[in-house]
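Structure below is entry_13.cif: mmCIF, C-alpha atoms.
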```
data_my_file
loop_
_atom_site.group_PDB
_atom_site.id
_atom_site.type_symbol
_atom_site.label_atom_id
_atom_site.label_comp_id
_atom_site.auth_asym_id
_atom_site.auth_seq_id
_atom_site.Cartn_x
_atom_site.Cartn_y
_atom_site.Cartn_z
ATOM 1 C CA MET A 11 13.808 -2.668 -10.943
ATOM 2 C CA GLN A 12 16.860 -4.653 -12.085
ATOM 3 C CA ALA A 13 20.085 -2.655 -11.831
ATOM 4 C CA THR A 14 22.324 -2.635 -14.896
ATOM 5 C CA ASP A 15 26.024 -1.965 -15.158
ATOM 6 C CA PRO A 16 26.533 1.001 -17.521
ATOM 7 C CA PHE A 17 29.800 -0.520 -18.723
ATOM 8 C CA SER A 18 28.408 -3.934 -19.764
ATOM 9 C CA GLY A 19 26.003 -5.096 -22.467
ATOM 10 C CA ASP A 20 24.757 -3.115 -25.359
ATOM 11 C CA LEU A 21 25.694 0.597 -25.142
ATOM 12 C CA ALA A 22 22.429 1.799 -26.662
ATOM 13 C CA SER A 23 20.294 -0.182 -24.250
ATOM 14 C CA THR A 24 22.396 1.059 -21.362
ATOM 15 C CA TYR A 25 21.822 4.709 -22.337
ATOM 16 C CA ALA A 26 18.133 4.011 -22.880
ATOM 17 C CA GLN A 27 17.893 2.502 -19.402
ATOM 18 C CA LEU A 28 19.712 5.479 -17.884
ATOM 19 C CA ALA A 29 17.393 7.902 -19.685
ATOM 20 C CA GLU A 30 14.346 6.025 -18.415
ATOM 21 C CA ASP A 31 15.716 5.943 -14.884
ATOM 22 C CA GLY A 32 16.584 9.646 -15.109
ATOM 23 C CA ALA A 33 13.092 10.593 -16.244
ATOM 24 C CA GLN A 34 11.600 8.547 -13.423
ATOM 25 C CA PHE A 35 13.968 10.178 -10.939
ATOM 26 C CA LEU A 36 12.983 13.705 -12.064
ATOM 27 C CA VAL A 37 9.252 13.000 -11.956
ATOM 28 C CA VAL A 38 9.301 11.338 -8.536
ATOM 29 C CA GLY A 39 11.735 13.880 -7.086
ATOM 30 C CA ALA A 40 9.751 16.883 -8.332
ATOM 31 C CA ALA A 41 6.479 15.405 -7.045
ATOM 32 C CA LEU A 42 7.934 14.731 -3.594
ATOM 33 C CA TYR A 43 9.574 18.161 -3.447
ATOM 34 C CA PHE A 44 6.422 20.120 -4.261
ATOM 35 C CA LEU A 45 4.398 17.937 -1.907
ATOM 36 C CA GLY A 46 6.873 18.640 0.868
ATOM 37 C CA ARG A 47 6.887 22.393 0.172
ATOM 38 C CA LEU A 48 3.093 22.525 0.208
ATOM 39 C CA LEU A 49 2.478 20.330 3.247
ATOM 40 C CA VAL A 50 5.550 19.412 5.295
ATOM 41 C CA VAL A 51 7.410 22.759 5.431
ATOM 42 C CA PRO A 52 4.324 24.863 6.335
ATOM 43 C CA ALA A 53 3.358 22.307 8.985
ATOM 44 C CA ILE A 54 6.830 22.441 10.557
ATOM 45 C CA ARG A 55 6.914 26.262 10.490
ATOM 46 C CA TRP A 56 3.424 26.373 12.017
ATOM 47 C CA GLY A 57 4.564 24.149 14.849
ATOM 48 C CA LEU A 58 7.722 26.203 15.408
ATOM 49 C CA GLU A 59 5.780 29.475 15.598
ATOM 50 C CA ARG A 60 3.597 28.065 18.361
ATOM 51 C CA SER A 61 6.419 26.449 20.289
ATOM 52 C CA ARG A 62 7.670 29.854 21.527
ATOM 53 C CA ILE A 63 11.312 28.907 21.064
ATOM 54 C CA ASP A 64 14.069 31.435 20.363
ATOM 55 C CA ARG A 65 13.409 33.384 17.151
ATOM 56 C CA THR A 66 16.893 32.670 15.799
ATOM 57 C CA LEU A 67 16.528 28.920 16.386
ATOM 58 C CA GLU A 68 13.042 29.018 14.891
ATOM 59 C CA SER A 69 14.397 30.640 11.726
ATOM 60 C CA ALA A 70 17.198 28.071 11.419
ATOM 61 C CA LEU A 71 14.925 25.065 11.981
ATOM 62 C CA GLY A 72 12.467 26.417 9.419
ATOM 63 C CA SER A 73 15.300 26.593 6.904
ATOM 64 C CA ALA A 74 16.457 23.104 7.880
ATOM 65 C CA SER A 75 12.968 21.740 7.197
ATOM 66 C CA HIS A 76 13.261 22.947 3.616
ATOM 67 C CA LEU A 77 16.652 21.263 3.281
ATOM 68 C CA LEU A 78 15.210 18.068 4.775
ATOM 69 C CA VAL A 79 12.463 17.983 2.137
ATOM 70 C CA VAL A 80 15.059 18.358 -0.638
ATOM 71 C CA VAL A 81 17.255 15.563 0.736
ATOM 72 C CA LEU A 82 14.359 13.163 1.238
ATOM 73 C CA ALA A 83 13.000 13.894 -2.238
ATOM 74 C CA VAL A 84 16.395 13.140 -3.811
ATOM 75 C CA VAL A 85 16.996 9.970 -1.777
ATOM 76 C CA VAL A 86 13.537 8.516 -2.328
ATOM 77 C CA ALA A 87 13.509 9.423 -6.021
ATOM 78 C CA ALA A 88 16.949 7.845 -6.509
ATOM 79 C CA SER A 89 15.780 4.683 -4.770
ATOM 80 C CA VAL A 90 12.602 4.446 -6.861
ATOM 81 C CA ALA A 91 14.500 5.065 -10.103
ATOM 82 C CA GLY A 92 17.100 2.453 -9.242
ATOM 83 C CA PHE A 93 20.036 4.871 -9.300
ATOM 84 C CA GLN A 94 21.493 3.466 -6.112
ATOM 85 C CA GLY A 95 22.218 0.109 -7.654
ATOM 86 C CA THR A 96 23.251 1.589 -11.000
ATOM 87 C CA LEU A 97 25.782 3.975 -9.531
ATOM 88 C CA ALA A 98 27.070 1.385 -7.094
ATOM 89 C CA GLY A 99 28.113 -0.784 -10.037
ATOM 90 C CA SER A 100 30.675 1.717 -11.190
ATOM 91 C CA THR A 101 33.268 3.158 -8.850
ATOM 92 C CA LEU A 102 34.375 5.582 -11.569
ATOM 93 C CA VAL A 103 30.907 7.059 -12.009
ATOM 94 C CA ALA A 104 30.413 7.341 -8.244
ATOM 95 C CA ALA A 105 33.759 9.095 -7.849
ATOM 96 C CA GLY A 106 32.987 11.483 -10.711
ATOM 97 C CA VAL A 107 29.621 12.406 -9.242
ATOM 98 C CA THR A 108 31.188 12.944 -5.824
ATOM 99 C CA VAL A 109 33.872 15.287 -7.202
ATOM 100 C CA ALA A 110 31.359 17.229 -9.304
ATOM 101 C CA VAL A 111 28.968 17.680 -6.390
ATOM 102 C CA GLY A 112 31.824 18.671 -4.087
ATOM 103 C CA LEU A 113 33.114 21.370 -6.442
ATOM 104 C CA ALA A 114 29.642 22.746 -7.130
ATOM 105 C CA ALA A 115 28.677 22.788 -3.461
ATOM 106 C CA GLN A 116 31.777 24.436 -1.984
ATOM 107 C CA ASP A 117 30.101 27.787 -1.369
ATOM 108 C CA VAL A 118 26.851 26.149 -0.281
ATOM 109 C CA LEU A 119 28.620 23.949 2.260
ATOM 110 C CA GLY A 120 30.677 26.903 3.487
ATOM 111 C CA ASN A 121 27.531 28.975 4.042
ATOM 112 C CA PHE A 122 25.864 26.000 5.725
ATOM 113 C CA VAL A 123 28.702 25.537 8.218
ATOM 114 C CA SER A 124 28.832 29.304 8.838
ATOM 115 C CA GLY A 125 25.073 29.320 9.371
ATOM 116 C CA VAL A 126 25.388 26.668 12.052
ATOM 117 C CA PHE A 127 27.943 28.786 13.914
ATOM 118 C CA ILE A 128 25.825 31.937 13.569
ATOM 119 C CA VAL A 129 22.680 30.207 14.855
ATOM 120 C CA THR A 130 24.532 28.873 17.899
ATOM 121 C CA ASP A 131 26.232 32.222 18.614
ATOM 122 C CA PRO A 132 24.372 33.982 21.466
ATOM 123 C CA ASP A 133 25.779 37.374 20.412
ATOM 124 C CA LEU A 134 23.937 37.447 17.066
ATOM 125 C CA ASN A 135 20.174 36.950 16.961
ATOM 126 C CA VAL A 136 17.090 37.868 14.967
ATOM 127 C CA GLY A 137 16.093 41.437 15.828
ATOM 128 C CA ASP A 138 19.657 42.648 16.514
ATOM 129 C CA THR A 139 21.018 45.780 14.866
ATOM 130 C CA ILE A 140 24.410 44.964 13.354
ATOM 131 C CA GLU A 141 27.168 46.653 11.351
ATOM 132 C CA TRP A 142 29.506 44.760 9.004
ATOM 133 C CA ASN A 143 31.738 45.778 6.090
ATOM 134 C CA GLY A 144 30.444 49.360 6.191
ATOM 135 C CA LYS A 145 26.769 48.300 6.142
ATOM 136 C CA ARG A 146 24.105 48.460 8.855
ATOM 137 C CA GLY A 147 20.705 46.911 9.428
ATOM 138 C CA VAL A 148 18.391 44.788 11.559
ATOM 139 C CA VAL A 149 18.583 40.989 11.329
ATOM 140 C CA VAL A 150 15.157 39.725 10.229
ATOM 141 C CA ASP A 151 15.965 36.103 9.384
ATOM 142 C CA ILE A 152 18.829 33.616 9.736
ATOM 143 C CA ASP A 153 18.805 30.359 7.821
ATOM 144 C CA LEU A 154 21.522 27.836 7.100
ATOM 145 C CA ARG A 155 22.621 29.548 3.865
ATOM 146 C CA VAL A 156 22.054 33.304 4.178
ATOM 147 C CA THR A 157 21.136 35.962 6.716
ATOM 148 C CA ARG A 158 18.548 38.577 5.740
ATOM 149 C CA VAL A 159 19.071 42.112 7.031
ATOM 150 C CA ARG A 160 16.745 45.135 6.730
ATOM 151 C CA THR A 161 18.636 48.403 6.240
ATOM 152 C CA PRO A 162 17.587 51.833 7.599
ATOM 153 C CA ASP A 163 16.277 52.572 4.073
ATOM 154 C CA ASN A 164 13.916 49.583 4.423
ATOM 155 C CA GLU A 165 15.878 47.538 1.885
ATOM 156 C CA ARG A 166 16.353 43.825 2.471
ATOM 157 C CA VAL A 167 19.951 42.660 2.034
ATOM 158 C CA ILE A 168 20.637 38.941 1.606
ATOM 159 C CA VAL A 169 24.055 38.284 3.142
ATOM 160 C CA PRO A 170 25.882 34.946 2.645
ATOM 161 C CA ASN A 171 26.610 33.473 6.048
ATOM 162 C CA THR A 172 30.314 33.215 5.224
ATOM 163 C CA ASP A 173 30.474 37.037 4.990
ATOM 164 C CA LEU A 174 29.260 37.425 8.563
ATOM 165 C CA ALA A 175 31.307 34.511 9.884
ATOM 166 C CA THR A 176 34.606 35.767 8.429
ATOM 167 C CA SER A 177 34.314 39.532 9.025
ATOM 168 C CA ALA A 178 34.063 41.785 12.070
ATOM 169 C CA VAL A 179 30.423 42.327 13.077
ATOM 170 C CA THR A 180 29.375 45.047 15.517
ATOM 171 C CA ASN A 181 26.158 44.286 17.392
ATOM 172 C CA ARG A 182 24.480 47.577 18.292
ATOM 173 C CA THR A 183 21.735 45.847 20.273
ATOM 174 C CA SER A 184 22.076 45.775 24.020
ATOM 175 C CA THR A 185 19.844 45.286 27.028
ATOM 176 C CA GLY A 186 21.065 48.449 28.758
ATOM 177 C CA PRO A 187 20.795 52.131 27.801
ATOM 178 C CA ILE A 188 22.276 53.294 24.511
ATOM 179 C CA GLY A 189 24.890 56.053 24.510
ATOM 180 C CA ILE A 190 24.900 59.063 22.188
ATOM 181 C CA SER A 191 28.040 61.204 22.103
ATOM 182 C CA TYR A 192 29.100 64.294 20.196
ATOM 183 C CA ASP A 193 32.301 66.353 20.101
ATOM 184 C CA PHE A 194 31.872 70.129 20.386
ATOM 185 C CA GLY A 195 34.761 72.463 19.519
ATOM 186 C CA VAL A 196 34.974 75.669 21.592
ATOM 187 C CA GLY A 197 37.532 78.455 21.574
ATOM 188 C CA TYR A 198 40.452 78.497 24.008
ATOM 189 C CA ASP A 199 39.030 81.618 25.633
ATOM 190 C CA ALA A 200 35.687 79.947 26.418
ATOM 191 C CA ASP A 201 34.665 79.190 29.998
ATOM 192 C CA LEU A 202 34.732 75.375 30.045
ATOM 193 C CA ASP A 203 32.648 75.171 33.223
ATOM 194 C CA GLU A 204 29.940 77.228 31.525
ATOM 195 C CA VAL A 205 30.080 75.031 28.419
ATOM 196 C CA GLU A 206 29.768 71.905 30.559
ATOM 197 C CA ALA A 207 26.757 73.337 32.404
ATOM 198 C CA ILE A 208 25.066 74.282 29.116
ATOM 199 C CA ILE A 209 25.486 70.789 27.646
ATOM 200 C CA LYS A 210 24.144 69.089 30.770
ATOM 201 C CA ASN A 211 21.150 71.427 31.003
ATOM 202 C CA VAL A 212 20.264 70.842 27.346
ATOM 203 C CA ALA A 213 20.564 67.070 27.803
ATOM 204 C CA ARG A 214 18.207 67.044 30.800
ATOM 205 C CA ASP A 215 15.514 68.920 28.856
ATOM 206 C CA ILE A 216 15.435 66.469 25.909
ATOM 207 C CA ASP A 217 12.647 63.889 25.823
ATOM 208 C CA HIS A 218 13.594 60.189 26.118
ATOM 209 C CA VAL A 219 17.017 60.915 27.679
ATOM 210 C CA ALA A 220 17.637 58.551 30.606
ATOM 211 C CA GLU A 221 18.246 59.949 34.084
ATOM 212 C CA LYS A 222 20.538 57.047 34.915
ATOM 213 C CA PRO A 223 23.314 57.141 33.827
ATOM 214 C CA GLU A 224 23.464 60.927 34.005
ATOM 215 C CA PRO A 225 24.781 62.999 31.075
ATOM 216 C CA VAL A 226 28.576 63.141 31.036
ATOM 217 C CA VAL A 227 30.660 66.072 29.775
ATOM 218 C CA GLY A 228 34.436 66.243 29.613
ATOM 219 C CA VAL A 229 37.369 67.776 27.743
ATOM 220 C CA ASP A 230 38.459 65.198 25.178
ATOM 221 C CA ASP A 231 41.234 66.915 23.224
ATOM 222 C CA LEU A 232 43.194 70.143 22.784
ATOM 223 C CA ALA A 233 43.094 70.609 19.028
ATOM 224 C CA ASP A 234 45.010 73.240 17.042
ATOM 225 C CA THR A 235 41.987 75.499 16.681
ATOM 226 C CA ALA A 236 39.657 74.501 19.520
ATOM 227 C CA VAL A 237 39.171 72.713 22.799
ATOM 228 C CA VAL A 238 37.165 69.541 22.073
ATOM 229 C CA VAL A 239 34.437 68.970 24.650
ATOM 230 C CA THR A 240 32.571 65.647 24.438
ATOM 231 C CA GLY A 241 29.006 65.337 25.669
ATOM 232 C CA ARG A 242 27.447 61.907 26.165
ATOM 233 C CA ILE A 243 23.807 61.144 26.923
ATOM 234 C CA TRP A 244 21.855 57.883 27.232
ATOM 235 C CA ILE A 245 18.447 56.677 26.097
ATOM 236 C CA PRO A 246 16.611 53.529 27.273
ATOM 237 C CA ASN A 247 16.963 50.490 25.047
ATOM 238 C CA ASN A 248 13.195 50.361 24.458
ATOM 239 C CA ARG A 249 13.393 53.867 22.939
ATOM 240 C CA ARG A 250 15.984 52.793 20.362
ATOM 241 C CA ASN A 251 13.775 53.995 17.511
ATOM 242 C CA ARG A 252 14.099 57.547 18.905
ATOM 243 C CA LEU A 253 17.894 57.577 18.590
ATOM 244 C CA PRO A 254 18.160 59.763 15.432
ATOM 245 C CA SER A 255 15.703 62.380 16.713
ATOM 246 C CA VAL A 256 17.341 62.517 20.161
ATOM 247 C CA HIS A 257 20.789 62.883 18.593
ATOM 248 C CA SER A 258 19.563 65.762 16.417
ATOM 249 C CA ALA A 259 17.823 67.489 19.337
ATOM 250 C CA PHE A 260 20.964 67.184 21.476
ATOM 251 C CA VAL A 261 23.346 68.707 18.927
ATOM 252 C CA ARG A 262 20.924 71.424 17.870
ATOM 253 C CA GLY A 263 20.014 72.309 21.453
ATOM 254 C CA VAL A 264 23.656 72.727 22.495
ATOM 255 C CA HIS A 265 24.379 74.842 19.413
ATOM 256 C CA GLU A 266 21.473 77.200 20.076
ATOM 257 C CA ALA A 267 22.200 77.493 23.809
ATOM 258 C CA CYS A 268 25.873 78.261 23.238
ATOM 259 C CA ARG A 269 25.059 80.831 20.565
ATOM 260 C CA ALA A 270 22.665 82.546 22.978
ATOM 261 C CA GLU A 271 25.519 82.821 25.497
ATOM 262 C CA GLY A 272 27.975 84.110 22.884
ATOM 263 C CA ILE A 273 30.014 80.896 22.760
ATOM 264 C CA ASP A 274 31.298 80.004 19.307
ATOM 265 C CA LEU A 275 31.257 76.261 18.551
ATOM 266 C CA SER A 276 32.950 76.567 15.160
ATOM 267 C CA GLU A 277 36.431 75.194 14.634
ATOM 268 C CA THR A 278 38.373 77.525 12.315
ATOM 269 C CA THR A 279 41.963 78.253 11.345
ATOM 270 C CA GLN A 280 41.128 81.884 10.538
ATOM 271 C CA HIS A 281 41.909 84.393 13.300
ATOM 272 C CA SER A 282 41.528 88.187 13.287
ATOM 273 C CA LEU A 283 44.768 90.211 13.632
ATOM 274 C CA SER A 284 45.208 93.805 14.806
ATOM 275 C CA GLY A 285 48.147 96.195 14.656
ATOM 276 C CA GLU A 286 50.480 97.537 11.966
ATOM 277 C CA VAL A 287 52.614 95.608 9.507
ATOM 278 C CA ALA A 288 55.931 97.190 8.438
ATOM 279 C CA LEU A 289 59.081 96.097 6.637
ATOM 280 C CA GLN A 290 62.235 95.996 8.749
ATOM 281 C CA ASP A 291 65.742 96.546 7.370
ATOM 282 C CA PRO A 292 67.880 93.687 8.693
ATOM 283 C CA ALA A 293 70.802 96.109 9.216
ATOM 284 C CA GLU A 294 68.727 98.521 11.270
ATOM 285 C CA PRO A 295 68.707 97.972 15.060
ATOM 286 C CA LEU A 296 65.392 96.926 16.468
ATOM 287 C CA ASP A 297 65.396 99.857 18.888
ATOM 288 C CA ASP A 298 65.499 102.288 15.940
ATOM 289 C CA ARG A 299 62.187 101.057 14.469
ATOM 290 C CA PRO A 300 59.772 103.831 13.535
ATOM 291 C CA GLU A 301 57.090 104.442 16.098
#
```
Any chance you could put this one into structure tokens?
Amino acid sequence: MQATDPFSGDLASTYAQLAEDGAQFLVVGAALYFLGRLLVVPAIRWGLERSRIDRTLESALGSASHLLVVVLAVVVAASVAGFQGTLAGSTLVAAGVTVAVGLAAQDVLGNFVSGVFIVTDPDLNVGDTIEWNGKRGVVVDIDLRVTRVRTPDNERVIVPNTDLATSAVTNRTSTGPIGISYDFGVGYDADLDEVEAIIKNVARDIDHVAEKPEPVVGVDDLADTAVVVTGRIWIPNNRRNRLPSVHSAFVRGVHEACRAEGIDLSETTQHSLSGEVALQDPAEPLDDRPE
């Protein structure tokens, strides 16, 4: 196809040629895109699933295959429609297109760059439980634009990669045992050795609690109304799904055991008083108070 300069010759014929080239570009590009989505992308994902590579890298490469299909469809369609030669004839048009694409793709490019860093970060992978910006969930997919996270309520949150790359992310997934701690408030008159023994005994009787490390109990703070005793237990990483039930059993078990021994775990500012209350004349000596 003969390239034409959009700023030479008859204006009507130039626009007609551009319209024809544009229609050809859309038809060829759409055909190549759908062909790639139906054949190329599934074939690449099929190969990745059977290659047994890292799940995070597999997710990123699968996303990159989609991007590759889009780029190839645009490049081939532009070549077939003759846009390469048309746009090359006008520096002004090329510059305008470049600026427009750059402004429109700022967020996309930012997410893409962030996605590259996330994929190459060994501390964040598919299957990890993370917390960020007050939210929590399990990473189910990482591509070069967004990261998909499943919340405890089984909702899927689509997070732009820039959000994870520019904020503090806590990874709750570890290879070792997972700690569960709770602060118990006991009265100042309570026997702390007895409280410590009760917490440890309750911890040892709970299912799924690890023997190593052993439960740990210690005085954490002397508050205004109570002595704060912290108990910490551990569960194996492969029992992570039992964490809520173990936490509940631990707190409830300590509460019931302490109540059975007459130990009050409530923190309160109300205290019982005994004795008599009387008004005292400031001029009257203290020794002359009525009995």
Please list as a compact mmCIF listing (two decimals) with C-alpha atoms, in the coordinates of the input every residue within 7 Å of stretch 261-272 of chain A, counting all atoms listed in the file and excluding residues in the same chain fewer than 3 positions away.
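Once written, selection15.txt looks like this:
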```txt
# COMPACT_ATOMS: atom_id res chain seq x y z
CA ILE A 208 25.07 74.28 29.12
CA ILE A 209 25.49 70.79 27.65
CA VAL A 212 20.26 70.84 27.35
CA HIS A 257 20.79 62.88 18.59
CA SER A 258 19.56 65.76 16.42
```
Could you expand the PyMOL selection byres ((chain A and resi 157) around 7) into the explicit residues it covers here, written as a list in words?
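When the PyMOL selection byres ((chain A and resi 157) around 7) is applied to the shown file, the picked residues are Asp151, Ile152, Asp153, Val156, Arg158, Val159, Ile168, Val169, Pro170 and Asn171 of chain A.
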If we count all atoms listed in the file and set the cut-off at 9 Å, which residues sit around A:Ala213, ignoring sequence neighbours fewer than 6 positions away in its own chain? Please answer as a CSV table (one decimal) with C-alpha atoms, in the coordinates of the input.
```
chain,number,residue,atom,x,y,z
A,219,VAL,CA,17.0,60.9,27.7
A,225,PRO,CA,24.8,63.0,31.1
A,241,GLY,CA,29.0,65.3,25.7
A,242,ARG,CA,27.4,61.9,26.2
A,243,ILE,CA,23.8,61.1,26.9
A,259,ALA,CA,17.8,67.5,19.3
A,260,PHE,CA,21.0,67.2,21.5
A,263,GLY,CA,20.0,72.3,21.5
A,264,VAL,CA,23.7,72.7,22.5
```
So how many Å separate atom CA of A:Val37 and atom CA of A:Gly57, to one decimal?
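Distance between the two atoms: 29.4 Å.
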Distance cut-off 10 Å, centre (24.9, 37.9, 18.6) in file coordinates, counting all atoms listed in the file: which residues qualify? Return them as number ranges by chain.
A: 66, 128-140, 179-184
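Atom CA of A:Ile188 is found 14.4 Å from atom CA of A:Asp217.
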Find the spatial neighbours of A:Asn164, counting all atoms listed in the file, within a cut-off of 9 Å - ignore same-chain residues fewer than 3 positions away - and output them as a ChimeraX atom specification.
/A:147,160-161
Pick from A:Pro246, A:Thr176, A:Ser75, A:Val38, whichever lies nearest to A:Arg55 using only C-alpha atoms:
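Among the listed residues, A:Ser75 lies closest to A:Arg55.
When the PyMOL selection byres ((chain A and resi 50) around 12) is run on the displayed coordinates, the residues it returns are A:Leu42, A:Tyr43, A:Phe44, A:Leu45, A:Gly46, A:Arg47, A:Leu48, A:Leu49, A:Val51, A:Pro52, A:Ala53, A:Ile54, A:Arg55, A:Trp56, A:Gly57, A:Gly72, A:Ala74, A:Ser75, A:His76, A:Leu77, A:Leu78, A:Val79, A:Val80, A:Leu82, A:Ala83.
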List the residues selected by the PyMOL selection byres ((chain A and resi 218) around 10) in the file shown, writing them as a PyMOL selection string.
chain A and resi 213-217+219-221+244-246+248-250+252-253+255-256
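Distances from A:Pro162, A:Gly228, A:Gly39, A:Gly186 to A:Asp203 were compared using all atoms listed in the file, and the smallest one belongs to A:Gly228.
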Coordinates-based distance that separates atom CA of A:Gly189 from atom CA of A:Asp234 (Å, one decimal):
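Atom-to-atom, atom CA of A:Asp234 to atom CA of A:Gly189, that is 27.5 Å.
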How big is the axis-aligned box, and where does its centre sit, when it encloses all atoms of stretch 152-158 of chain A listed in the file and has 4 Å added on every side, reported in Å to one decimal as JSON?
```
{"center_x": 20.6, "center_y": 33.2, "center_z": 6.8, "size_x": 12.1, "size_y": 18.7, "size_z": 13.9}
```
Pick the closest to A:Gly197 from A:Ser61, A:Ser23, A:Ser89, A:Ser276: which is it, counting only C-alpha atoms?
A:Ser276
